[in-house]
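This report refers to the structure that appears directly beneath it.
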Amino acid sequence: MTRPHLRLFRLLRQLRAISIYAILGFSCSTQLAHAANALNGKNLFLNGPVSGGVSCASCHGPSPANNVNGILAAANNPAVISSAFAQNLGGMGSLFNGKFSASEIADLAAFIGNPSVTAAPAASVSPPSLTFAGTTVGQTSGALEATLSNNGTASLNVGTISIAGGAAADFLLVAGGSCANGSIVAASSSCTIHAAFRPTVAAARSSSVSITHNATGGVSTIALNGTGNAVPQASIATSASSVNFGAVLINTSSSVQFITVSNSGQAALNLTGITLGGANTGVFTLGGSCSTQTPVTAGGSCTVTVQAKPTVAGNFTASLNLASNASNGAASISLSGSGSTPAPAILANPTAVAFGTQSIGSTPANQTVTLTNSGNVAVNFTSIAVTGSAAVAIGAGNSCGTTLAVGAHCAVPLALTPTTEGNVAANLVISSSAATVQVGITAIVTAKATAKPELSDSGTIAFADTQVGKSSAAHTTTLSNSGTTALKITSLVVSGSQPGDFILGGTCSANATVSPASNCTIETSFKPSAAGARSGSLLLVTDGGAQFNLNLAGNGIAVVTTAPTLSISPQAFDFGTSAIGGAPLSKRFSLSNTGNSAVSLVSATFSGPFSAGSDATTCPAFPFALLAGTSCDLLVQYAPTVAGTSNGNVVIQSSAAATSWTISFTGTASQASQPASSNAAQNTGGGGCSAAKSGNDPLLVLMVFMAAAVLVWRRRQSRHDGKSSR
C-alpha cells in the first residue's frame, strides 16, 4: 500500500470510529431516562393512546416486525418517534401530539424493539373482605358484591369459585354476579361475585370465597364476616361510601348527587340523625326522602340528596353522618370536591394545517380549522388573524363571532393563494379571553405541475342521533383532484376520542391514486358503542403533503334490548400488498360485549384467502361465551395464493336466531419474490403513527463530513503529486 493510500485508509478508519461512538452515544442517551415497559408499549401500540384515538396497529399492522412504513427505525429509540410527531410526518402530529407522555413513547420504542414480548394475566379482588350486616339466625342477608379484576396483559382463566374454610355453611354464593366457573376475564377487564350470609347460630361467623385461576399464585380469596342475631334487628347500608363532586365553578351549584339508604335487616330502621360534619359543611345542602320521623321498613330504602356550592377556589370536604338503631352502627359518607375559578380554554383542530404542494397561479386552496371551547366559561374573541405570509388569508364563511359558549364549536376557513414560488410559513393566531392559540400553516408553491386535492366538506360532519349498536345513514365526502398530475392518498384514518364509533367506506383508501380531473368518495357512518355524545376526527394525507381534518360527531341513544350486543373494531380492513408464498400478514380485531349479558358466539366462517390465527392473547376457540363488559382479540391472517385483488370476510354467528356480525377484508397479492414482510416494509408513505423515513437521519451529517474530508485529502494529494512531478 502506498503512503498516500495508507493515509487515506487511516483517515477513513478514524471517521468510522467517530461515527460508531456517535451512534452509541445517541442510542444510549435516549434509553437512560426511562426504564421502558415493552408490555405497556404493546398495549399502546395495539389499542392507541389512553385518552382515546387511532392505534399504531391500524397503520402498521399488529407487529412492528413487518416494518410497515419503516417503523423499525424507532426500535428502542424514542427520539425517532418524538421527532416524527414534532415534524407532523404523514399527519402524525395531528393524530398524536400531546397524547403520549415521554415514558409512553419510550414504552412504544421498547415494544418496537421487542415485538415478541409476551403477556400474562394478573388477578386482584376488591374489596378484599365483605362484612355482612347483623342477620337473624336462619334468615338470609342481602347480597354483597366483590370484583375480580385482570390487571395483566393476557386472559385470566377462572377455574372454580367456592366458599371454603371457617364457618363455610353460614355463607353462600348467590346469583347476580358475572364471574362463573370456567369463565374467561380479558386483560384490563373484570367480573363480579355475589355472596350472602345465612347464620346458623347467634355469634360472629367468618369464612372466605376461594377463586382458582391461571395467574400468579393460582388462587385469590375474599374474606367473609357476619354476626348472627337471636332476634330481628335493623341494618343500614348506603349506595356509596364517598361522593366526589369534582371541579365546581365557584358561586355555582353542582349537580344533585343521590345516596340511597337501605335497611338490609329484619326490623324497622329508625334514623335518629342526618347531619353534616367536617371542615366545609356550609358548602353542602341536604335533601331527599330520608327523615328522622319516618322509619325505613325491613328491605326498604330512602334517598338523601346532596348539592355543593363553593364560594372560594380550592378543595372542600365534609361528611354525611347517619345515626340510627342499626345493629351495624352509624354510617358516614365522605363528601369532597374543589372550587374552581373561571378558566376559559380554546382547542384547535387540526393543530397544524398543511396545504402541501400547490402550483403558481392555480385557484386558491381551502382548509378549515375548528375551534372548540373546552373551558368552563364562555370565551370572548378579540382577534382571529393570519400572520407570517400574505399568501394565506381567512376565507369566506368564518362562523366564529365574538363569543363561544362552553362546549360549542366554530369554524375558521383558510385560503391559500399560490402566487410566488417557494415555501409558505404562516400562523393562524386566535386571541381571546383564553390563552392565545396558534395553528401553524405550511405550503410549497412551485412552477411545476402538481395535483390539487379538494374535499367537498369542511368543519364538522354531524350525524343524526343513532341507537347504540345501530348504524346511521352514510355521509359521502368527495375528494377531487383539480390539478394537472395524479395524487396518491398516503393515509386515511379516523382518530379522536371514540374512533371505533365511526365507520369508513367509499372508493377512497390508503395508497389509492386520483387522476387529474377525477375524484373518489369517502363514506362515513356512525355506529355508537355507548349512549351520549361521541366524537372522532377524519385525517386524510396525500403524497404532496396536503393534510385534511374533518370532525365527526354524533349522539348515541340507549334502548332496552335483549339482543346480543357485540362491538367490532375495525369493521373492515385493507391488508395492503402481500407476496404470494410469503409470511401471512396479520391484523387484530377487537370483539367487545357492550351489553349487560353474556354473548354466545358459536362460529366464525371465513371466505377468501383469510383465516383465523391464534396466540396467547386471542379469543378462545369457537364456540365460546363473551361476558358482559369484556372483550377479546380475533386474529385474522392474509395468505393469498392468486395474484391480484383479494376480497373476503368473516361471519361471526351468535346462538341467538338470525344474529351475526360481518368483518370485510381486502388485500392485494403480488408475484414478487421477496417475503411479504420485506414487501410490507416498502410502504414508506407515512401516515398514522409511522416512524416514516425523512431527511433527519442522524448518520447523514457524519456521511457529509466523511465525504468532505475525503475531498480535501484528494485535493491536497493532487497538489503534492503535482509538485513532485516538477
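Following the order of the C-alpha cells, chains are lettered A, B, ..., residues in each are numbered from 1, and ligands are numbered from 1.
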* Excluding stretch 205-220 of chain A and residues on its chain fewer than 5 positions from it, collect all residues at most 6 Å away from it, counting only C-alpha atoms, and give them as a PyMOL selection string. => chain A and resi 121-122+157-168+225-227
* Residue neighbourhood stretch 512-518 of chain A, 8 Å, only C-alpha atoms, exclusion window fewer than 5 positions, as a list in words ->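 That gives Ala451, Ser480, Asn481, Ser482, Gly483, Thr484, Thr485, Ala486, Leu487, Lys488, Ile489 and Thr490 of chain A.
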Those same residues - C-alpha atoms - I'd like them written as a PDB file, in the first residue's frame.
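The resulting file, selection-v3.pdb, is shown below:
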ATOM      1  CA  ALA A 451     -52.007  17.672  -8.015  1.00  0.00           C
ATOM      2  CA  SER A 480     -61.377  15.790  -6.078  1.00  0.00           C
ATOM      3  CA  ASN A 481     -58.134  16.429  -7.942  1.00  0.00           C
ATOM      4  CA  SER A 482     -58.360  19.664  -9.928  1.00  0.00           C
ATOM      5  CA  GLY A 483     -54.602  19.706 -10.552  1.00  0.00           C
ATOM      6  CA  THR A 484     -52.599  18.555 -13.544  1.00  0.00           C
ATOM      7  CA  THR A 485     -50.884  15.479 -12.067  1.00  0.00           C
ATOM      8  CA  ALA A 486     -52.163  12.443 -10.175  1.00  0.00           C
ATOM      9  CA  LEU A 487     -52.258  12.377  -6.374  1.00  0.00           C
ATOM     10  CA  LYS A 488     -51.865   9.449  -4.003  1.00  0.00           C
ATOM     11  CA  ILE A 489     -53.623   9.035  -0.658  1.00  0.00           C
ATOM     12  CA  THR A 490     -50.920   8.076   1.860  1.00  0.00           C
TER      13      THR A 490
END
* Nearest-residue call for A:Ile71, choices A:Gly182, A:Pro623, A:Gly93, A:Pro115, using only C-alpha atoms ->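 The closest residue to A:Ile71 is A:Pro115.
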Using only C-alpha atoms, I'd like a table of the residues in stretch 150-246 of chain A that come within 10 Å of stretch 261-266 of chain A; for each, show the closest atom pair and its distance in Å rounded to one decimal, ordered by chain and ascending number, as a Markdown table.
| residue | atom | partner | partner_atom | distance |
| --- | --- | --- | --- | --- |
| A:Val231 | CA | A:Gln266 | CA | 8.8 |
| A:Pro232 | CA | A:Gln266 | CA | 5.1 |
| A:Gln233 | CA | A:Gln266 | CA | 5.4 |
| A:Ala234 | CA | A:Gly265 | CA | 4.3 |
| A:Ser235 | CA | A:Gly265 | CA | 4.4 |
| A:Ile236 | CA | A:Asn263 | CA | 5.0 |
| A:Ala237 | CA | A:Ser262 | CA | 5.1 |
| A:Thr238 | CA | A:Val261 | CA | 4.6 |
| A:Ser239 | CA | A:Val261 | CA | 6.6 |
| A:Ala240 | CA | A:Val261 | CA | 9.1 |
* Asked: In stretch 201-288 of chain A, what's strand (DSSP E or B) per DSSP? Answer as number ranges by chain?
  -> A: 204-213, 219-229, 236-238, 242-249, 257-263, 269, 271-277, 284-288
Would you mind exporting the chosen residues as a compact mmCIF listing (two decimals), in the first residue's frame, restricted to C-alpha atoms?
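The new file result_28.txt reads:
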# COMPACT_ATOMS: atom_id res chain seq x y z
CA ALA A 204 -69.72 -13.88 64.91
CA ARG A 205 -69.06 -16.05 61.85
CA SER A 206 -66.33 -15.96 59.18
CA SER A 207 -65.24 -17.82 56.05
CA SER A 208 -63.91 -16.91 52.61
CA VAL A 209 -64.56 -17.12 48.88
CA SER A 210 -61.84 -19.07 47.06
CA ILE A 211 -61.21 -18.37 43.34
CA THR A 212 -58.73 -20.53 41.41
CA HIS A 213 -57.18 -19.16 38.20
CA VAL A 219 -55.86 -18.60 43.89
CA SER A 220 -57.48 -15.38 45.20
CA THR A 221 -59.58 -15.15 48.35
CA ILE A 222 -62.24 -12.79 49.69
CA ALA A 223 -62.76 -12.80 53.47
CA LEU A 224 -66.41 -13.11 54.65
CA ASN A 225 -67.63 -11.88 58.04
CA GLY A 226 -71.02 -11.55 59.71
CA THR A 227 -72.83 -11.79 63.02
CA GLY A 228 -75.86 -13.97 63.65
CA ASN A 229 -78.58 -12.38 65.83
CA ILE A 236 -78.08 0.12 57.47
CA ALA A 237 -76.35 0.18 54.07
CA THR A 238 -75.61 3.08 51.71
CA SER A 242 -67.93 8.65 49.31
CA VAL A 243 -69.09 11.28 46.82
CA ASN A 244 -66.68 13.44 44.84
CA PHE A 245 -68.29 16.44 43.14
CA GLY A 246 -65.21 17.12 41.03
CA ALA A 247 -64.47 20.68 39.93
CA VAL A 248 -67.38 23.05 40.61
CA LEU A 249 -67.32 26.65 39.40
CA GLN A 257 -75.98 13.65 43.91
CA PHE A 258 -78.27 10.86 45.18
CA ILE A 259 -77.37 8.46 48.01
CA THR A 260 -79.68 5.51 48.67
CA VAL A 261 -80.01 4.38 52.30
CA SER A 262 -81.20 0.76 52.60
CA ASN A 263 -82.36 -1.41 55.51
CA LEU A 269 -84.64 1.17 60.70
CA LEU A 271 -82.86 7.23 61.64
CA THR A 272 -82.08 9.41 64.68
CA GLY A 273 -79.76 11.88 62.93
CA ILE A 274 -78.99 13.07 59.37
CA THR A 275 -76.23 15.66 59.77
CA LEU A 276 -73.17 17.19 58.14
CA GLY A 277 -69.77 17.30 59.79
CA PHE A 284 -73.34 21.45 51.06
CA THR A 285 -77.14 21.36 51.07
CA LEU A 286 -79.10 18.21 52.06
CA GLY A 287 -82.49 16.98 50.89
CA GLY A 288 -84.31 13.80 49.91
* In Å, how far is it from atom CA of A:Thr136 to atom CA of A:Ser327? ->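 Computed distance, atom CA of A:Thr136 to atom CA of A:Ser327, equals 11.0 Å.
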* Asked: Can you list, as JSON, numbers by chain, every protein, DNA or RNA residue that comes within 12 Å of A:Ser82 when you count only C-alpha atoms, leaving out same-chain residues fewer than 3 positions away?
  -> {"A": [30, 74, 77, 78, 79, 85, 86, 87, 88, 89, 92, 93, 96, 97, 98, 99, 100, 101, 102, 103, 104, 105, 106, 108, 109, 689, 690, 691, 692]}
* **Atomic distance atom CA of A:Glu454 - atom CA of A:His60, expressed in Å with one decimal** => 26.6 Å
* Asked: Counting only C-alpha atoms, what is within 7 Å of stretch 666-671 of chain A, bar same-chain residues fewer than 6 positions away, as a PyMOL selection string?
  -> chain A and resi 573-580+640+642-648
Saved selection, atoms kept: all heavy atoms, as an mmCIF file, in the first residue's frame:
data_model
loop_
_atom_site.group_PDB
_atom_site.id
_atom_site.type_symbol
_atom_site.label_atom_id
_atom_site.label_comp_id
_atom_site.auth_asym_id
_atom_site.auth_seq_id
_atom_site.Cartn_x
_atom_site.Cartn_y
_atom_site.Cartn_z
ATOM 1 N N PHE A 573 -61.057 -3.923 6.860
ATOM 2 C CA PHE A 573 -59.615 -3.680 6.873
ATOM 3 C C PHE A 573 -59.002 -4.058 5.531
ATOM 4 O O PHE A 573 -59.376 -5.055 4.919
ATOM 5 C CB PHE A 573 -58.937 -4.492 7.982
ATOM 6 C CG PHE A 573 -57.482 -4.164 8.164
ATOM 7 C CD1 PHE A 573 -57.102 -2.946 8.720
ATOM 8 C CD2 PHE A 573 -56.495 -5.049 7.784
ATOM 9 C CE1 PHE A 573 -55.776 -2.625 8.904
ATOM 10 C CE2 PHE A 573 -55.161 -4.746 7.953
ATOM 11 C CZ PHE A 573 -54.798 -3.517 8.522
ATOM 12 N N ASP A 574 -58.070 -3.182 5.085
ATOM 13 C CA ASP A 574 -57.291 -3.454 3.880
ATOM 14 C C ASP A 574 -55.896 -3.900 4.312
ATOM 15 O O ASP A 574 -55.152 -3.127 4.918
ATOM 16 C CB ASP A 574 -57.208 -2.187 3.018
ATOM 17 C CG ASP A 574 -56.483 -2.427 1.695
ATOM 18 O OD1 ASP A 574 -55.889 -3.510 1.524
ATOM 19 O OD2 ASP A 574 -56.503 -1.519 0.843
ATOM 20 N N PHE A 575 -55.522 -5.152 4.011
ATOM 21 C CA PHE A 575 -54.237 -5.689 4.424
ATOM 22 C C PHE A 575 -53.076 -5.156 3.587
ATOM 23 O O PHE A 575 -51.920 -5.429 3.892
ATOM 24 C CB PHE A 575 -54.253 -7.219 4.336
ATOM 25 C CG PHE A 575 -54.962 -7.878 5.485
ATOM 26 C CD1 PHE A 575 -56.342 -7.999 5.488
ATOM 27 C CD2 PHE A 575 -54.258 -8.378 6.570
ATOM 28 C CE1 PHE A 575 -57.011 -8.606 6.541
ATOM 29 C CE2 PHE A 575 -54.903 -8.986 7.627
ATOM 30 C CZ PHE A 575 -56.280 -9.104 7.622
ATOM 31 N N GLY A 576 -53.367 -4.403 2.531
ATOM 32 C CA GLY A 576 -52.292 -3.908 1.682
ATOM 33 C C GLY A 576 -51.760 -5.005 0.773
ATOM 34 O O GLY A 576 -52.476 -5.917 0.372
ATOM 35 N N THR A 577 -50.468 -4.916 0.440
ATOM 36 C CA THR A 577 -49.859 -5.853 -0.515
ATOM 37 C C THR A 577 -49.096 -6.960 0.203
ATOM 38 O O THR A 577 -48.346 -6.692 1.142
ATOM 39 C CB THR A 577 -48.913 -5.108 -1.460
ATOM 40 O OG1 THR A 577 -49.648 -4.088 -2.134
ATOM 41 C CG2 THR A 577 -48.300 -6.056 -2.481
ATOM 42 N N SER A 578 -49.291 -8.195 -0.240
ATOM 43 C CA SER A 578 -48.597 -9.346 0.319
ATOM 44 C C SER A 578 -48.086 -10.221 -0.822
ATOM 45 O O SER A 578 -48.781 -10.438 -1.811
ATOM 46 C CB SER A 578 -49.537 -10.159 1.219
ATOM 47 O OG SER A 578 -48.893 -11.316 1.711
ATOM 48 N N ALA A 579 -46.854 -10.694 -0.675
ATOM 49 C CA ALA A 579 -46.270 -11.562 -1.697
ATOM 50 C C ALA A 579 -46.813 -12.983 -1.557
ATOM 51 O O ALA A 579 -46.928 -13.513 -0.450
ATOM 52 C CB ALA A 579 -44.745 -11.579 -1.580
ATOM 53 N N ILE A 580 -47.143 -13.592 -2.680
ATOM 54 C CA ILE A 580 -47.625 -14.972 -2.673
ATOM 55 C C ILE A 580 -46.518 -15.885 -2.145
ATOM 56 O O ILE A 580 -45.367 -15.807 -2.579
ATOM 57 C CB ILE A 580 -48.054 -15.406 -4.083
ATOM 58 C CG1 ILE A 580 -49.267 -14.580 -4.532
ATOM 59 C CG2 ILE A 580 -48.370 -16.892 -4.134
ATOM 60 C CD1 ILE A 580 -49.666 -14.834 -5.969
ATOM 61 N N PRO A 640 -52.453 -14.926 0.545
ATOM 62 C CA PRO A 640 -53.002 -15.109 -0.802
ATOM 63 C C PRO A 640 -52.242 -16.174 -1.593
ATOM 64 O O PRO A 640 -51.050 -16.427 -1.361
ATOM 65 C CB PRO A 640 -52.826 -13.729 -1.430
ATOM 66 C CG PRO A 640 -51.633 -13.151 -0.722
ATOM 67 C CD PRO A 640 -51.733 -13.659 0.692
ATOM 68 N N VAL A 642 -53.299 -16.402 -5.178
ATOM 69 C CA VAL A 642 -53.535 -15.982 -6.557
ATOM 70 C C VAL A 642 -53.267 -14.486 -6.655
ATOM 71 O O VAL A 642 -53.729 -13.712 -5.808
ATOM 72 C CB VAL A 642 -54.980 -16.290 -6.997
ATOM 73 C CG1 VAL A 642 -55.209 -15.824 -8.435
ATOM 74 C CG2 VAL A 642 -55.267 -17.777 -6.874
ATOM 75 N N ALA A 643 -52.516 -14.064 -7.654
ATOM 76 C CA ALA A 643 -52.174 -12.656 -7.822
ATOM 77 C C ALA A 643 -53.424 -11.825 -8.108
ATOM 78 O O ALA A 643 -54.392 -12.298 -8.702
ATOM 79 C CB ALA A 643 -51.162 -12.492 -8.946
ATOM 80 N N GLY A 644 -53.382 -10.555 -7.651
ATOM 81 C CA GLY A 644 -54.492 -9.650 -7.906
ATOM 82 C C GLY A 644 -55.173 -9.230 -6.619
ATOM 83 O O GLY A 644 -54.686 -9.467 -5.511
ATOM 84 N N THR A 645 -56.337 -8.604 -6.768
ATOM 85 C CA THR A 645 -57.090 -8.107 -5.621
ATOM 86 C C THR A 645 -57.789 -9.252 -4.895
ATOM 87 O O THR A 645 -58.390 -10.127 -5.530
ATOM 88 C CB THR A 645 -58.132 -7.073 -6.058
ATOM 89 O OG1 THR A 645 -57.458 -5.986 -6.700
ATOM 90 C CG2 THR A 645 -58.914 -6.539 -4.860
ATOM 91 N N SER A 646 -57.684 -9.258 -3.578
ATOM 92 C CA SER A 646 -58.344 -10.278 -2.748
ATOM 93 C C SER A 646 -59.484 -9.637 -1.968
ATOM 94 O O SER A 646 -59.322 -8.559 -1.397
ATOM 95 C CB SER A 646 -57.345 -10.895 -1.760
ATOM 96 O OG SER A 646 -56.215 -11.408 -2.419
ATOM 97 N N ASN A 647 -60.626 -10.303 -1.950
ATOM 98 C CA ASN A 647 -61.771 -9.863 -1.163
ATOM 99 C C ASN A 647 -62.291 -11.041 -0.349
ATOM 100 O O ASN A 647 -62.255 -12.192 -0.805
ATOM 101 C CB ASN A 647 -62.889 -9.321 -2.058
ATOM 102 C CG ASN A 647 -62.493 -8.043 -2.772
ATOM 103 O OD1 ASN A 647 -62.299 -7.014 -2.136
ATOM 104 N ND2 ASN A 647 -62.362 -8.104 -4.090
ATOM 105 N N GLY A 648 -62.758 -10.744 0.844
ATOM 106 C CA GLY A 648 -63.304 -11.801 1.689
ATOM 107 C C GLY A 648 -63.913 -11.218 2.941
ATOM 108 O O GLY A 648 -64.002 -9.998 3.107
#
* If we count only C-alpha atoms, what is near A:Ala405 at a cut-off of 12 Å, once residues fewer than 5 positions away on the same chain are taken out, given as a count of residues only? -> 16
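Of the listed residues A:Ser611, A:Ile112, A:Ala411, A:Ile360, the one whose atoms come nearest to A:Ser458 is A:Ala411, with distances taken using only C-alpha atoms.
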* All residues 8 Å or closer to A:Ser525, only C-alpha atoms, same chain fewer than 3 positions away omitted, as a PyMOL selection string -> chain A and resi 463+471-475+502-504
Write a file of the just-selected residues containing N, CA and C atoms, as an mmCIF file, in the first residue's frame.
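Result file follows (out-v5.cif):
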data_model
loop_
_atom_site.group_PDB
_atom_site.id
_atom_site.type_symbol
_atom_site.label_atom_id
_atom_site.label_comp_id
_atom_site.auth_asym_id
_atom_site.auth_seq_id
_atom_site.Cartn_x
_atom_site.Cartn_y
_atom_site.Cartn_z
ATOM 1 N N PHE A 463 -73.786 13.588 12.631
ATOM 2 C CA PHE A 463 -74.719 12.518 12.308
ATOM 3 C C PHE A 463 -75.979 12.635 13.157
ATOM 4 N N SER A 471 -76.341 1.491 12.913
ATOM 5 C CA SER A 471 -75.556 2.373 12.055
ATOM 6 C C SER A 471 -76.429 3.463 11.459
ATOM 7 N N SER A 472 -75.884 4.672 11.412
ATOM 8 C CA SER A 472 -76.593 5.791 10.798
ATOM 9 C C SER A 472 -76.511 5.681 9.276
ATOM 10 N N ALA A 473 -77.233 6.557 8.601
ATOM 11 C CA ALA A 473 -77.076 6.666 7.154
ATOM 12 C C ALA A 473 -75.665 7.160 6.855
ATOM 13 N N ALA A 474 -75.104 6.683 5.756
ATOM 14 C CA ALA A 474 -73.735 7.065 5.397
ATOM 15 C C ALA A 474 -73.704 8.496 4.875
ATOM 16 N N HIS A 475 -72.650 9.216 5.230
ATOM 17 C CA HIS A 475 -72.412 10.564 4.703
ATOM 18 C C HIS A 475 -71.277 10.486 3.689
ATOM 19 N N PHE A 502 -67.071 5.235 14.474
ATOM 20 C CA PHE A 502 -67.269 5.766 13.123
ATOM 21 C C PHE A 502 -66.665 4.798 12.112
ATOM 22 N N ILE A 503 -67.384 4.563 11.020
ATOM 23 C CA ILE A 503 -67.010 3.550 10.038
ATOM 24 C C ILE A 503 -66.646 4.232 8.729
ATOM 25 N N LEU A 504 -65.510 3.818 8.152
ATOM 26 C CA LEU A 504 -65.056 4.359 6.870
ATOM 27 C C LEU A 504 -65.447 3.426 5.733
#
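Ranking A:Cys59, A:Pro295, A:Gly48, A:Arg534 by their shortest atom-to-atom distance to A:Asn511, with only C-alpha atoms included, puts A:Cys59 first.
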